[in-house]
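So this one's model.cif, mmCIF, N, CA and C atoms:
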data_start
loop_
_atom_site.label_atom_id
_atom_site.label_comp_id
_atom_site.auth_asym_id
_atom_site.auth_seq_id
_atom_site.Cartn_x
_atom_site.Cartn_y
_atom_site.Cartn_z
N PHE A 60 -22.06 -101.06 30.60
CA PHE A 60 -22.08 -102.48 30.89
C PHE A 60 -22.83 -103.20 29.78
N TYR A 61 -22.26 -104.25 29.25
CA TYR A 61 -22.83 -104.95 28.10
C TYR A 61 -24.24 -105.46 28.34
N LEU A 62 -24.52 -105.99 29.52
CA LEU A 62 -25.85 -106.54 29.79
C LEU A 62 -26.91 -105.45 29.77
N ASP A 63 -26.55 -104.24 30.21
CA ASP A 63 -27.49 -103.12 30.12
C ASP A 63 -27.85 -102.84 28.66
N ARG A 64 -26.84 -102.84 27.81
CA ARG A 64 -27.08 -102.57 26.38
C ARG A 64 -27.98 -103.62 25.74
N LEU A 65 -27.88 -104.84 26.23
CA LEU A 65 -28.72 -105.92 25.71
C LEU A 65 -30.08 -105.98 26.40
N CYS A 66 -30.30 -105.07 27.36
CA CYS A 66 -31.56 -105.03 28.13
C CYS A 66 -31.81 -106.35 28.86
N ILE A 67 -30.76 -106.92 29.43
CA ILE A 67 -30.87 -108.17 30.18
C ILE A 67 -30.81 -107.84 31.66
N GLU A 68 -31.82 -108.31 32.38
CA GLU A 68 -31.85 -108.13 33.83
C GLU A 68 -30.66 -108.87 34.43
N HIS A 69 -29.90 -108.17 35.28
CA HIS A 69 -28.72 -108.80 35.88
C HIS A 69 -28.49 -108.27 37.29
N PHE A 70 -27.66 -108.99 38.02
CA PHE A 70 -27.40 -108.65 39.42
C PHE A 70 -25.97 -109.06 39.74
N LEU A 71 -25.19 -108.08 40.17
CA LEU A 71 -23.82 -108.32 40.62
C LEU A 71 -23.77 -107.96 42.10
N PRO A 72 -23.88 -108.96 42.99
CA PRO A 72 -23.87 -108.65 44.42
C PRO A 72 -22.49 -108.18 44.88
N LEU A 73 -22.47 -107.00 45.48
CA LEU A 73 -21.23 -106.39 45.94
C LEU A 73 -21.26 -106.20 47.45
N GLN A 74 -20.08 -106.17 48.04
CA GLN A 74 -19.95 -105.85 49.46
C GLN A 74 -19.00 -104.67 49.58
N ARG A 75 -19.37 -103.71 50.43
CA ARG A 75 -18.56 -102.52 50.64
C ARG A 75 -17.55 -102.77 51.76
N PHE A 76 -16.31 -102.38 51.50
CA PHE A 76 -15.23 -102.49 52.48
C PHE A 76 -14.60 -101.12 52.67
N SER A 77 -14.10 -100.87 53.87
CA SER A 77 -13.32 -99.66 54.13
C SER A 77 -11.86 -100.07 54.24
N ARG A 78 -11.01 -99.34 53.53
CA ARG A 78 -9.57 -99.63 53.53
C ARG A 78 -8.81 -98.37 53.88
N GLN A 79 -7.77 -98.55 54.67
CA GLN A 79 -6.89 -97.44 55.02
C GLN A 79 -5.87 -97.26 53.90
N SER A 80 -5.73 -96.05 53.41
CA SER A 80 -4.72 -95.75 52.40
C SER A 80 -3.95 -94.52 52.86
N ILE A 81 -2.94 -94.14 52.10
CA ILE A 81 -2.16 -92.96 52.48
C ILE A 81 -2.99 -91.69 52.38
N ARG A 82 -4.10 -91.75 51.67
CA ARG A 82 -5.00 -90.59 51.56
C ARG A 82 -6.17 -90.67 52.53
N GLY A 83 -6.12 -91.58 53.46
CA GLY A 83 -7.20 -91.73 54.43
C GLY A 83 -7.98 -93.02 54.19
N ILE A 84 -9.14 -93.09 54.78
CA ILE A 84 -9.97 -94.28 54.64
C ILE A 84 -10.76 -94.19 53.33
N ARG A 85 -10.66 -95.25 52.54
CA ARG A 85 -11.38 -95.32 51.27
C ARG A 85 -12.38 -96.46 51.33
N SER A 86 -13.48 -96.26 50.66
CA SER A 86 -14.51 -97.28 50.59
C SER A 86 -14.46 -97.92 49.20
N ILE A 87 -14.42 -99.25 49.17
CA ILE A 87 -14.42 -99.96 47.90
C ILE A 87 -15.51 -101.03 47.92
N GLU A 88 -15.96 -101.42 46.75
CA GLU A 88 -16.93 -102.50 46.63
C GLU A 88 -16.30 -103.65 45.85
N LEU A 89 -16.49 -104.84 46.39
CA LEU A 89 -15.96 -106.05 45.75
C LEU A 89 -17.08 -107.07 45.59
N PRO A 90 -17.02 -107.90 44.54
CA PRO A 90 -18.06 -108.91 44.33
C PRO A 90 -18.08 -109.94 45.46
N LEU A 91 -19.29 -110.32 45.86
CA LEU A 91 -19.42 -111.40 46.86
C LEU A 91 -19.00 -112.73 46.26
N PHE A 92 -19.27 -112.91 44.98
CA PHE A 92 -18.90 -114.14 44.28
C PHE A 92 -18.06 -113.74 43.07
N PRO A 93 -16.74 -113.62 43.24
CA PRO A 93 -15.90 -113.19 42.12
C PRO A 93 -16.11 -114.05 40.88
N GLY A 94 -16.25 -113.38 39.74
CA GLY A 94 -16.42 -114.09 38.48
C GLY A 94 -17.85 -114.48 38.16
N VAL A 95 -18.81 -114.12 39.03
CA VAL A 95 -20.20 -114.51 38.82
C VAL A 95 -21.09 -113.27 38.73
N VAL A 96 -21.87 -113.20 37.66
CA VAL A 96 -22.92 -112.20 37.51
C VAL A 96 -24.20 -112.98 37.26
N PHE A 97 -25.23 -112.70 38.03
CA PHE A 97 -26.51 -113.38 37.85
C PHE A 97 -27.29 -112.63 36.78
N CYS A 98 -27.86 -113.37 35.83
CA CYS A 98 -28.69 -112.70 34.82
C CYS A 98 -29.92 -113.56 34.54
N ASN A 99 -30.97 -112.86 34.12
CA ASN A 99 -32.24 -113.50 33.85
C ASN A 99 -32.49 -113.38 32.35
N CYS A 100 -32.29 -114.48 31.63
CA CYS A 100 -32.47 -114.41 30.19
C CYS A 100 -32.90 -115.76 29.63
N ASP A 101 -33.51 -115.70 28.46
CA ASP A 101 -33.95 -116.92 27.80
C ASP A 101 -32.82 -117.49 26.93
N ALA A 102 -33.10 -118.60 26.28
CA ALA A 102 -32.07 -119.28 25.48
C ALA A 102 -31.56 -118.38 24.35
N GLN A 103 -32.44 -117.60 23.74
CA GLN A 103 -32.03 -116.69 22.65
C GLN A 103 -31.03 -115.66 23.17
N MET A 104 -31.32 -115.08 24.33
CA MET A 104 -30.44 -114.06 24.90
C MET A 104 -29.13 -114.66 25.39
N ARG A 105 -29.14 -115.92 25.77
CA ARG A 105 -27.89 -116.57 26.21
C ARG A 105 -26.84 -116.52 25.11
N ARG A 106 -27.29 -116.72 23.87
CA ARG A 106 -26.34 -116.66 22.75
C ARG A 106 -25.72 -115.27 22.66
N SER A 107 -26.53 -114.23 22.89
CA SER A 107 -26.00 -112.86 22.85
C SER A 107 -25.03 -112.62 24.00
N VAL A 108 -25.37 -113.15 25.17
CA VAL A 108 -24.50 -112.97 26.34
C VAL A 108 -23.15 -113.64 26.10
N MET A 109 -23.15 -114.78 25.44
CA MET A 109 -21.90 -115.51 25.20
C MET A 109 -20.95 -114.74 24.28
N THR A 110 -21.43 -113.71 23.59
CA THR A 110 -20.56 -112.90 22.73
C THR A 110 -19.88 -111.77 23.50
N ILE A 111 -20.25 -111.57 24.75
CA ILE A 111 -19.67 -110.50 25.57
C ILE A 111 -18.25 -110.89 25.96
N PRO A 112 -17.28 -110.00 25.75
CA PRO A 112 -15.90 -110.31 26.15
C PRO A 112 -15.81 -110.66 27.64
N GLY A 113 -15.14 -111.76 27.94
CA GLY A 113 -14.95 -112.18 29.32
C GLY A 113 -15.96 -113.20 29.81
N VAL A 114 -17.08 -113.36 29.10
CA VAL A 114 -18.07 -114.36 29.50
C VAL A 114 -17.56 -115.73 29.06
N LEU A 115 -17.47 -116.64 30.02
CA LEU A 115 -16.96 -117.97 29.71
C LEU A 115 -18.06 -119.01 29.57
N ALA A 116 -19.07 -118.93 30.46
CA ALA A 116 -20.11 -119.95 30.45
C ALA A 116 -21.26 -119.54 31.34
N PHE A 117 -22.38 -120.22 31.16
CA PHE A 117 -23.48 -120.13 32.11
C PHE A 117 -23.28 -121.28 33.08
N ILE A 118 -23.35 -120.98 34.36
CA ILE A 118 -23.09 -122.01 35.36
C ILE A 118 -24.30 -122.91 35.53
N ASN A 119 -25.45 -122.32 35.86
CA ASN A 119 -26.63 -123.10 36.12
C ASN A 119 -27.82 -122.18 36.33
N VAL A 120 -28.98 -122.78 36.41
CA VAL A 120 -30.19 -122.02 36.73
C VAL A 120 -30.28 -121.93 38.25
N ILE A 121 -30.38 -120.71 38.75
CA ILE A 121 -30.44 -120.47 40.19
C ILE A 121 -31.89 -120.19 40.56
N ALA A 122 -32.34 -120.75 41.68
CA ALA A 122 -33.71 -120.54 42.14
C ALA A 122 -33.98 -119.06 42.36
N GLU A 123 -35.14 -118.60 41.90
CA GLU A 123 -35.50 -117.19 42.07
C GLU A 123 -35.49 -116.78 43.54
N GLN A 124 -35.88 -117.69 44.43
CA GLN A 124 -35.89 -117.37 45.86
C GLN A 124 -34.47 -117.13 46.37
N ASP A 125 -33.50 -117.89 45.88
CA ASP A 125 -32.11 -117.66 46.28
C ASP A 125 -31.64 -116.27 45.86
N ILE A 126 -32.00 -115.86 44.64
CA ILE A 126 -31.62 -114.53 44.16
C ILE A 126 -32.31 -113.46 44.99
N ALA A 127 -33.60 -113.65 45.28
CA ALA A 127 -34.34 -112.67 46.09
C ALA A 127 -33.73 -112.56 47.48
N ASP A 128 -33.37 -113.69 48.09
CA ASP A 128 -32.74 -113.67 49.42
C ASP A 128 -31.38 -112.98 49.36
N LEU A 129 -30.60 -113.26 48.33
CA LEU A 129 -29.29 -112.63 48.18
C LEU A 129 -29.44 -111.12 48.00
N ARG A 130 -30.41 -110.69 47.22
CA ARG A 130 -30.68 -109.25 47.06
C ARG A 130 -31.00 -108.62 48.40
N ARG A 131 -31.83 -109.30 49.18
CA ARG A 131 -32.22 -108.77 50.49
C ARG A 131 -31.01 -108.64 51.41
N ILE A 132 -30.12 -109.61 51.39
CA ILE A 132 -28.91 -109.57 52.21
C ILE A 132 -28.04 -108.38 51.81
N VAL A 133 -27.84 -108.20 50.50
CA VAL A 133 -27.01 -107.09 50.00
C VAL A 133 -27.65 -105.74 50.33
N GLU A 134 -28.95 -105.61 50.07
CA GLU A 134 -29.65 -104.34 50.31
C GLU A 134 -29.67 -103.98 51.79
N ALA A 135 -29.70 -104.97 52.66
CA ALA A 135 -29.71 -104.71 54.11
C ALA A 135 -28.35 -104.27 54.61
N GLY A 136 -27.32 -104.45 53.79
CA GLY A 136 -25.97 -104.07 54.22
C GLY A 136 -25.43 -104.99 55.29
N CYS A 137 -25.96 -106.19 55.33
CA CYS A 137 -25.54 -107.17 56.33
C CYS A 137 -24.08 -107.57 56.10
N PRO A 138 -23.23 -107.46 57.12
CA PRO A 138 -21.84 -107.91 56.94
C PRO A 138 -21.80 -109.41 56.66
N VAL A 139 -21.06 -109.79 55.64
CA VAL A 139 -20.96 -111.20 55.26
C VAL A 139 -19.50 -111.53 55.00
N GLN A 140 -19.21 -112.81 55.02
CA GLN A 140 -17.89 -113.28 54.63
C GLN A 140 -18.06 -114.60 53.90
N SER A 141 -17.14 -114.90 53.00
CA SER A 141 -17.18 -116.19 52.31
C SER A 141 -17.09 -117.30 53.34
N TRP A 142 -17.75 -118.40 53.06
CA TRP A 142 -17.80 -119.52 53.99
C TRP A 142 -17.75 -120.79 53.17
N PRO A 143 -17.12 -121.85 53.69
CA PRO A 143 -17.13 -123.11 52.95
C PRO A 143 -18.56 -123.56 52.69
N TYR A 144 -18.82 -124.03 51.49
CA TYR A 144 -20.17 -124.43 51.12
C TYR A 144 -20.70 -125.49 52.08
N THR A 145 -21.93 -125.29 52.50
CA THR A 145 -22.59 -126.29 53.33
C THR A 145 -24.08 -126.29 53.02
N SER A 146 -24.65 -127.47 53.10
CA SER A 146 -26.10 -127.61 53.02
C SER A 146 -26.60 -128.37 54.24
N GLN A 147 -25.68 -128.64 55.16
CA GLN A 147 -26.00 -129.42 56.35
C GLN A 147 -26.29 -128.49 57.52
N GLY A 148 -27.24 -128.90 58.35
CA GLY A 148 -27.55 -128.14 59.55
C GLY A 148 -29.03 -127.79 59.61
N ALA A 149 -29.39 -127.19 60.72
CA ALA A 149 -30.79 -126.82 60.94
C ALA A 149 -31.12 -125.57 60.14
N THR A 150 -32.04 -125.71 59.20
CA THR A 150 -32.46 -124.57 58.39
C THR A 150 -33.39 -123.68 59.20
N MET A 151 -33.11 -122.41 59.16
CA MET A 151 -33.89 -121.43 59.89
C MET A 151 -34.45 -120.41 58.91
N THR A 152 -35.53 -119.77 59.31
CA THR A 152 -36.08 -118.66 58.55
C THR A 152 -36.10 -117.45 59.44
N ILE A 153 -35.46 -116.38 59.00
CA ILE A 153 -35.45 -115.14 59.78
C ILE A 153 -36.84 -114.54 59.71
N GLU A 154 -37.40 -114.18 60.85
CA GLU A 154 -38.79 -113.74 60.91
C GLU A 154 -38.98 -112.23 60.93
N LYS A 155 -38.00 -111.49 61.42
CA LYS A 155 -38.19 -110.04 61.56
C LYS A 155 -36.98 -109.30 61.04
N GLY A 156 -37.17 -108.03 60.79
CA GLY A 156 -36.07 -107.18 60.36
C GLY A 156 -35.90 -107.18 58.86
N PRO A 157 -34.83 -106.56 58.38
CA PRO A 157 -34.62 -106.43 56.94
C PRO A 157 -34.36 -107.76 56.23
N LEU A 158 -34.00 -108.79 56.98
CA LEU A 158 -33.74 -110.10 56.37
C LEU A 158 -34.92 -111.06 56.55
N ARG A 159 -36.08 -110.51 56.86
CA ARG A 159 -37.27 -111.33 57.08
C ARG A 159 -37.52 -112.23 55.87
N GLY A 160 -37.69 -113.51 56.16
CA GLY A 160 -37.97 -114.49 55.12
C GLY A 160 -36.75 -115.19 54.54
N VAL A 161 -35.56 -114.68 54.84
CA VAL A 161 -34.34 -115.31 54.32
C VAL A 161 -34.11 -116.63 55.04
N LYS A 162 -33.88 -117.68 54.26
CA LYS A 162 -33.60 -118.99 54.84
C LYS A 162 -32.09 -119.16 54.95
N CYS A 163 -31.67 -119.67 56.09
CA CYS A 163 -30.24 -119.88 56.31
C CYS A 163 -30.06 -121.05 57.26
N ILE A 164 -28.83 -121.40 57.49
CA ILE A 164 -28.49 -122.51 58.38
C ILE A 164 -27.80 -121.92 59.60
N ARG A 165 -28.27 -122.29 60.78
CA ARG A 165 -27.62 -121.81 62.00
C ARG A 165 -26.42 -122.69 62.27
N HIS A 166 -25.29 -122.05 62.47
CA HIS A 166 -24.04 -122.76 62.69
C HIS A 166 -23.35 -122.12 63.89
N THR A 167 -22.94 -122.94 64.85
CA THR A 167 -22.24 -122.40 66.01
C THR A 167 -20.85 -123.01 66.06
N ALA A 168 -19.85 -122.16 65.93
CA ALA A 168 -18.46 -122.58 66.03
C ALA A 168 -17.79 -121.71 67.07
N SER A 169 -17.09 -122.32 67.98
CA SER A 169 -16.40 -121.58 69.05
C SER A 169 -17.37 -120.71 69.84
N GLY A 170 -18.60 -121.18 69.97
CA GLY A 170 -19.59 -120.44 70.75
C GLY A 170 -20.16 -119.23 70.04
N THR A 171 -19.73 -118.97 68.81
CA THR A 171 -20.23 -117.82 68.06
C THR A 171 -21.28 -118.28 67.06
N PRO A 172 -22.54 -117.85 67.24
CA PRO A 172 -23.55 -118.27 66.26
C PRO A 172 -23.36 -117.53 64.94
N ARG A 173 -23.47 -118.27 63.86
CA ARG A 173 -23.41 -117.68 62.53
C ARG A 173 -24.60 -118.21 61.75
N PHE A 174 -25.00 -117.43 60.80
CA PHE A 174 -26.11 -117.83 59.95
C PHE A 174 -25.55 -117.96 58.54
N ILE A 175 -25.63 -119.17 57.99
CA ILE A 175 -25.00 -119.48 56.71
C ILE A 175 -26.06 -119.48 55.62
N PHE A 176 -25.85 -118.64 54.62
CA PHE A 176 -26.73 -118.59 53.45
C PHE A 176 -26.01 -119.30 52.31
N SER A 177 -26.65 -120.31 51.74
CA SER A 177 -26.01 -121.10 50.68
C SER A 177 -26.81 -121.01 49.39
N ILE A 178 -26.08 -120.90 48.29
CA ILE A 178 -26.68 -121.02 46.97
C ILE A 178 -26.25 -122.39 46.46
N HIS A 179 -27.18 -123.32 46.52
CA HIS A 179 -26.85 -124.72 46.28
C HIS A 179 -26.33 -124.98 44.87
N MET A 180 -26.91 -124.33 43.86
CA MET A 180 -26.49 -124.59 42.49
C MET A 180 -25.08 -124.07 42.20
N LEU A 181 -24.61 -123.11 43.00
CA LEU A 181 -23.24 -122.60 42.86
C LEU A 181 -22.27 -123.31 43.78
N HIS A 182 -22.80 -124.02 44.77
CA HIS A 182 -21.98 -124.63 45.82
C HIS A 182 -21.13 -123.58 46.51
N ARG A 183 -21.77 -122.46 46.84
CA ARG A 183 -21.09 -121.38 47.56
C ARG A 183 -21.97 -120.93 48.71
N SER A 184 -21.30 -120.49 49.78
CA SER A 184 -22.02 -120.04 50.97
C SER A 184 -21.44 -118.74 51.48
N LEU A 185 -22.26 -118.03 52.23
CA LEU A 185 -21.86 -116.80 52.90
C LEU A 185 -22.24 -116.92 54.36
N ALA A 186 -21.38 -116.45 55.25
CA ALA A 186 -21.71 -116.37 56.67
C ALA A 186 -22.23 -114.96 56.93
N LEU A 187 -23.46 -114.88 57.44
CA LEU A 187 -24.07 -113.60 57.77
C LEU A 187 -23.72 -113.25 59.20
N LYS A 188 -23.23 -112.06 59.41
CA LYS A 188 -22.91 -111.62 60.77
C LYS A 188 -24.13 -110.87 61.30
N ILE A 189 -24.99 -111.63 61.97
CA ILE A 189 -26.23 -111.06 62.50
C ILE A 189 -26.14 -111.07 64.01
N ASN A 190 -26.32 -109.90 64.59
CA ASN A 190 -26.36 -109.80 66.04
C ASN A 190 -27.79 -110.07 66.46
N HIS A 191 -28.07 -111.34 66.83
CA HIS A 191 -29.46 -111.69 67.13
C HIS A 191 -29.98 -110.97 68.36
N VAL A 192 -29.11 -110.32 69.12
CA VAL A 192 -29.54 -109.50 70.24
C VAL A 192 -30.28 -108.27 69.72
N SER A 193 -30.01 -107.88 68.47
CA SER A 193 -30.63 -106.70 67.89
C SER A 193 -32.10 -106.92 67.54
N GLY A 194 -32.60 -108.10 67.81
CA GLY A 194 -34.02 -108.36 67.59
C GLY A 194 -34.35 -109.01 66.27
N ILE A 195 -33.39 -109.67 65.66
CA ILE A 195 -33.67 -110.40 64.42
C ILE A 195 -33.76 -111.88 64.78
N PRO A 196 -34.96 -112.34 65.14
CA PRO A 196 -35.09 -113.74 65.55
C PRO A 196 -35.15 -114.68 64.34
N TYR A 197 -35.04 -115.93 64.61
CA TYR A 197 -35.11 -116.95 63.57
C TYR A 197 -35.90 -118.11 64.15
N THR A 198 -36.53 -118.88 63.30
CA THR A 198 -37.26 -120.07 63.73
C THR A 198 -37.06 -121.17 62.70
N ARG A 199 -37.25 -122.38 63.17
CA ARG A 199 -37.22 -123.50 62.24
C ARG A 199 -38.52 -123.47 61.44
N PRO A 200 -38.43 -123.75 60.14
CA PRO A 200 -39.67 -123.83 59.38
C PRO A 200 -40.54 -124.95 59.94
N ARG A 201 -41.81 -124.71 59.98
CA ARG A 201 -42.74 -125.73 60.49
C ARG A 201 -42.90 -126.82 59.45
N SER A 202 -42.82 -128.06 59.91
CA SER A 202 -43.03 -129.17 58.98
C SER A 202 -44.51 -129.46 58.90
N LYS A 203 -44.93 -129.90 57.74
CA LYS A 203 -46.34 -130.22 57.54
C LYS A 203 -46.56 -131.68 57.91
N ALA A 204 -47.44 -131.90 58.86
CA ALA A 204 -47.75 -133.27 59.27
C ALA A 204 -48.61 -133.91 58.19
N GLY A 205 -48.29 -135.14 57.86
CA GLY A 205 -49.00 -135.79 56.77
C GLY A 205 -49.96 -136.73 57.22
#

Spell out the structure here as structure tokens.
Amino acid sequence: FYLDRLCIEHFLPLQRFSRQSIRGIRSIELPLFPGVVFCNCDAQMRRSVMTIPGVLAFINVIAEQDIADLRRIVEAGCPVQSWPYTSQGATMTIEKGPLRGVKCIRHTASGTPRFIFSIHMLHRSLALKINHVSGIPYTRPRSKAG
């Protein structure tokens, strides 16, 4: 991988899927955000990255907390699906379990609660399939009284 050779810290969030084939069930990994690789580099390294075949552009600077939350979601193996981008709704913070500290938006459609994780600078969202019966509670962040 080119970024490894350049010693650039990078992250390609993948999701594992099981697919039925004529040889049985196969497991494959696909990018959560097709066409996007997150990398941590300075302006000098950006020029080097732009020489990599297939790199078209840098999209934007993403908040470190968003990357940390996304890493936590991927590492937890939480089932996710692409979701229309949203920044509207009651923001919650998951308090317990492997997703502790992840901020998301609680969304209820058709009586099914979903937790939406959005990366605002990308204008992309993921719906987290969390069975809150499993003991992963969420709370609204406390506002600071002024």

Looking at A:Ser86, A:Ser184, A:Asn99, A:Thr145, which one is nearest to A:Leu71, with distances taken over only C-alpha atoms?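 Ranking A:Ser86, A:Ser184, A:Asn99, A:Thr145 by distance to A:Leu71, first place goes to A:Asn99.
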
Write out as a PyMOL selection string the set of residues from chain A that DSSP, computed on the backbone, places in strand (DSSP E). chain A and resi 68-70+73-80+83-90+97-99+139-142+150-153+162-168+171-178+183-187+197-198

Find the spatial neighbours of A:Leu158, counting only N, CA and C atoms, within a cut-off of 7 Å - ignore same-chain residues fewer than 3 positions away - and output them as a PyMOL selection string. chain A and resi 131-132+135+153-155+161

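For stretch 61-188 of chain A, backbone-based DSSP assignment of alpha helix (DSSP H) covers A:Tyr61, A:Leu62, A:Asp63, A:Arg64, A:Ala102, A:Gln103, A:Met104, A:Arg105, A:Arg106, A:Ser107, A:Val108, A:Glu123, A:Gln124, A:Asp125, A:Ile126, A:Ala127, A:Asp128, A:Leu129, A:Arg130, A:Arg131, A:Ile132, A:Val133, A:Glu134, A:Ala135.
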
Counting only C-alpha atoms, figure out which residue out of A:Leu187, A:Met180, A:Cys100, A:Ala116 gets nearest to A:Lys162. A:Leu187

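Residues in contact with A:Pro72 at up to 7 Å, not including ones fewer than 3 positions away on its chain and judged by only N, CA and C atoms, are A:Leu89, A:Pro90, A:Leu91, A:Phe92, A:Val95, A:Val96, A:Phe97, A:Val133.
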
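For A:Pro172, the residues within 7 Å (counting all atoms listed in the file, excluding itself and residues fewer than 6 positions away along the chain) are A:Arg165, A:His166, A:Ile189.
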
Got a sec to resolve the PyMOL selection byres (((chain A and resi 105 and name CA) around 12) and name CA) on this structure and send the residues as an mmCIF file with N, CA and C atoms, in the frame of the given file?
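File written: part-v6.cif
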data_model
loop_
_atom_site.group_PDB
_atom_site.id
_atom_site.type_symbol
_atom_site.label_atom_id
_atom_site.label_comp_id
_atom_site.auth_asym_id
_atom_site.auth_seq_id
_atom_site.Cartn_x
_atom_site.Cartn_y
_atom_site.Cartn_z
ATOM 1 N N LEU A 62 -24.520 -105.990 29.520
ATOM 2 C CA LEU A 62 -25.850 -106.540 29.790
ATOM 3 C C LEU A 62 -26.910 -105.450 29.770
ATOM 4 N N LEU A 65 -27.880 -104.840 26.230
ATOM 5 C CA LEU A 65 -28.720 -105.920 25.710
ATOM 6 C C LEU A 65 -30.080 -105.980 26.400
ATOM 7 N N ILE A 67 -30.760 -106.920 29.430
ATOM 8 C CA ILE A 67 -30.870 -108.170 30.180
ATOM 9 C C ILE A 67 -30.810 -107.840 31.660
ATOM 10 N N CYS A 98 -27.860 -113.370 35.830
ATOM 11 C CA CYS A 98 -28.690 -112.700 34.820
ATOM 12 C C CYS A 98 -29.920 -113.560 34.540
ATOM 13 N N ASN A 99 -30.970 -112.860 34.120
ATOM 14 C CA ASN A 99 -32.240 -113.500 33.850
ATOM 15 C C ASN A 99 -32.490 -113.380 32.350
ATOM 16 N N CYS A 100 -32.290 -114.480 31.630
ATOM 17 C CA CYS A 100 -32.470 -114.410 30.190
ATOM 18 C C CYS A 100 -32.900 -115.760 29.630
ATOM 19 N N ASP A 101 -33.510 -115.700 28.460
ATOM 20 C CA ASP A 101 -33.950 -116.920 27.800
ATOM 21 C C ASP A 101 -32.820 -117.490 26.930
ATOM 22 N N ALA A 102 -33.100 -118.600 26.280
ATOM 23 C CA ALA A 102 -32.070 -119.280 25.480
ATOM 24 C C ALA A 102 -31.560 -118.380 24.350
ATOM 25 N N GLN A 103 -32.440 -117.600 23.740
ATOM 26 C CA GLN A 103 -32.030 -116.690 22.650
ATOM 27 C C GLN A 103 -31.030 -115.660 23.170
ATOM 28 N N MET A 104 -31.320 -115.080 24.330
ATOM 29 C CA MET A 104 -30.440 -114.060 24.900
ATOM 30 C C MET A 104 -29.130 -114.660 25.390
ATOM 31 N N ARG A 106 -27.290 -116.720 23.870
ATOM 32 C CA ARG A 106 -26.340 -116.660 22.750
ATOM 33 C C ARG A 106 -25.720 -115.270 22.660
ATOM 34 N N SER A 107 -26.530 -114.230 22.890
ATOM 35 C CA SER A 107 -26.000 -112.860 22.850
ATOM 36 C C SER A 107 -25.030 -112.620 24.000
ATOM 37 N N VAL A 108 -25.370 -113.150 25.170
ATOM 38 C CA VAL A 108 -24.500 -112.970 26.340
ATOM 39 C C VAL A 108 -23.150 -113.640 26.100
ATOM 40 N N MET A 109 -23.150 -114.780 25.440
ATOM 41 C CA MET A 109 -21.900 -115.510 25.200
ATOM 42 C C MET A 109 -20.950 -114.740 24.280
ATOM 43 N N THR A 110 -21.430 -113.710 23.590
ATOM 44 C CA THR A 110 -20.560 -112.900 22.730
ATOM 45 C C THR A 110 -19.880 -111.770 23.500
ATOM 46 N N ILE A 111 -20.250 -111.570 24.750
ATOM 47 C CA ILE A 111 -19.670 -110.500 25.570
ATOM 48 C C ILE A 111 -18.250 -110.890 25.960
ATOM 49 N N VAL A 114 -17.080 -113.360 29.100
ATOM 50 C CA VAL A 114 -18.070 -114.360 29.500
ATOM 51 C C VAL A 114 -17.560 -115.730 29.060
ATOM 52 N N LEU A 115 -17.470 -116.640 30.020
ATOM 53 C CA LEU A 115 -16.960 -117.970 29.710
ATOM 54 C C LEU A 115 -18.060 -119.010 29.570
ATOM 55 N N ALA A 116 -19.070 -118.930 30.460
ATOM 56 C CA ALA A 116 -20.110 -119.950 30.450
ATOM 57 C C ALA A 116 -21.260 -119.540 31.340
ATOM 58 N N PHE A 117 -22.380 -120.220 31.160
ATOM 59 C CA PHE A 117 -23.480 -120.130 32.110
ATOM 60 C C PHE A 117 -23.280 -121.280 33.080
ATOM 61 N N ILE A 118 -23.350 -120.980 34.360
ATOM 62 C CA ILE A 118 -23.090 -122.010 35.360
ATOM 63 C C ILE A 118 -24.300 -122.910 35.530
ATOM 64 N N ASN A 119 -25.450 -122.320 35.860
ATOM 65 C CA ASN A 119 -26.630 -123.100 36.120
ATOM 66 C C ASN A 119 -27.820 -122.180 36.330
#

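Distance-wise, atom CA of A:Phe70 and atom CA of A:Arg130 end up 8.3 Å apart.
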